[in-house]
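One structure is given here, and the rest of the page talks about it.
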Amino acid sequence: MGKVNGKVALVTGGGQGIGRAIALRLSQDGFAVTVVDLNEETAQSVAGEITKAGGRSLALKVDVSNRDQVFAAVKEASEKLGGFDVIVNNAGIAPAKLLEDVTLADFDKLFHINVTSVLWGIQAAAAKFKELGHGGKIINASSQAGHVGNANLGIYSATKFAVRALTQTAAQEYAQYGITANAYCPGIVQTPMWSGIDKEITASKGEATGDATKEFGSKIALGRLSTPEDVSAFVSFLAGPDSDYMTGQSPLIDGGMMFL
């Protein structure tokens, strides 16, 4: 692992995919990392990878849509790892449905996990930073779909637009405390989440699995799908000192799918 920097980070949805890559990268950067996931087994697995490589880590099973559990996770991370400096509100889900097929249960579940959890993470982190008497970094997962609506992903897109709004607002409200808030907006990342999206979209169209990936992938200027490490490298920048003068932003890390 990299040089110890004495700082502590917490990553939600850290048990697989982008979250796992972020947790591992932050540990390489010298952070002690709390890996939070609803799946305790995967959280323990990633924490084990970190400790095996010489880093410090803690695994916690947390339902991120539950405010009390998020606050308790931040408290435990601070107490057991010796401080608190960065939260990465990465957890999310992305079921694919046409708007006409979305139910209230679908809508509520998506917003609770993708948006409400980010709000609780912002609140918990900001409260802890203020309690500790120093600034900190709030980093939220938005998406390319947070910049443009996507067919079959309308409600997911709405949640990611909402994350950008929360990020901009947090940047304004917490700047006086030395706290920054930024988001990252991946495109098509090779993860289990994207595989699920592809299957749902192609099934709804009567197409072969993989066709949605080909369609979306054809729009990427750099000519390849993203890896989780492409995203974690940018989150590393957001978590580190080189981004200290950046706040309220939600840059695209999509290989050139969109140009704003």
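Convention: chains lettered A, B, ... in structure tokens order; per-chain residue numbering from 1; ligands numbered from 1 as shown.
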DSSP on the backbone, alpha helix (DSSP H) only: what residues of region 70-200 of chain A does that give? Format it as a PyMOL selection string.
chain A and resi 70-81+104-111+117-132+154-174+192-200
Residues near Glu100 (chain A), cut-off 10 Å, only C-alpha atoms, skip fewer than 3 positions along chain, as a PDB file with N, CA and C atoms, in the first residue's frame:
```pdb
ATOM      1  N   LYS A  97     -36.181   0.384 -16.589  1.00  0.00           N
ATOM      2  CA  LYS A  97     -37.598   0.265 -16.905  1.00  0.00           C
ATOM      3  C   LYS A  97     -38.046   1.453 -17.734  1.00  0.00           C
ATOM      4  N   THR A 103     -43.354   1.675 -11.044  1.00  0.00           N
ATOM      5  CA  THR A 103     -44.335   1.670  -9.967  1.00  0.00           C
ATOM      6  C   THR A 103     -43.879   2.599  -8.844  1.00  0.00           C
ATOM      7  N   ASN A 152     -35.211   4.036 -20.825  1.00  0.00           N
ATOM      8  CA  ASN A 152     -35.185   2.844 -19.976  1.00  0.00           C
ATOM      9  C   ASN A 152     -34.551   3.099 -18.603  1.00  0.00           C
TER      10      ASN A 152
END
```
Neighbouring residues of Val86 (chain A) were defined as those with any atom within 12 Å, considering only C-alpha atoms; residues of the same chain fewer than 6 positions away were excluded. Please report them as an NGL selection string.
:A and (6-12 or 22-23 or 26 or 31-34 or 74 or 77-78 or 121-122 or 124-126 or 128-129 or 134-140 or 179-182 or 235-241)
Find the residue from A:Ser143, A:Thr51, A:Asn89, A:Gln168 that sits nearest to Val118 (chain A); use only C-alpha atoms when measuring.
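For Val118 (chain A), the nearest of the given residues is A:Asn89.
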Region 125-155 of chain A: which residues are strand (DSSP E or B) by DSSP, as a PyMOL selection string?
chain A and resi 136-141+153
Selected residues written out, N, CA and C atoms, as a JSON list (two decimals), in the first residue's frame:
```
[["chain", "number", "residue", "atom", "x", "y", "z"],
["A", 136, "GLY", "N", -13.27, 18.80, 5.48],
["A", 136, "GLY", "CA", -13.32, 17.44, 4.98],
["A", 136, "GLY", "C", -13.85, 17.43, 3.57],
["A", 137, "LYS", "N", -13.95, 16.23, 3.02],
["A", 137, "LYS", "CA", -14.38, 16.09, 1.63],
["A", 137, "LYS", "C", -15.57, 15.15, 1.54],
["A", 138, "ILE", "N", -16.61, 15.66, 0.88],
["A", 138, "ILE", "CA", -17.81, 14.87, 0.59],
["A", 138, "ILE", "C", -17.78, 14.57, -0.91],
["A", 139, "ILE", "N", -17.82, 13.29, -1.26],
["A", 139, "ILE", "CA", -17.73, 12.87, -2.65],
["A", 139, "ILE", "C", -18.92, 11.97, -2.96],
["A", 140, "ASN", "N", -19.71, 12.36, -3.95],
["A", 140, "ASN", "CA", -20.96, 11.66, -4.24],
["A", 140, "ASN", "C", -20.95, 11.02, -5.62],
["A", 141, "ALA", "N", -21.64, 9.90, -5.75],
["A", 141, "ALA", "CA", -21.75, 9.21, -7.04],
["A", 141, "ALA", "C", -22.94, 9.74, -7.81],
["A", 153, "LEU", "N", -33.96, 4.28, -18.42],
["A", 153, "LEU", "CA", -33.29, 4.59, -17.15],
["A", 153, "LEU", "C", -33.77, 5.94, -16.61]]
```
So that I can see what lies close to region 214-217 of chain A, please list as a PyMOL selection string the residues with an atom at most 9 Å from it, counting only C-alpha atoms and leaving out residues fewer than 6 positions away in the same chain.
chain A and resi 188+223-225+257
Could you check the closest approach to Glu76 (chain A) for each of A:Ala21, A:Leu104, A:Ile50, A:Val36 and tell me which residue wins, using only C-alpha atoms?
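The shortest atom-to-atom distance to Glu76 (chain A) comes from A:Val36.
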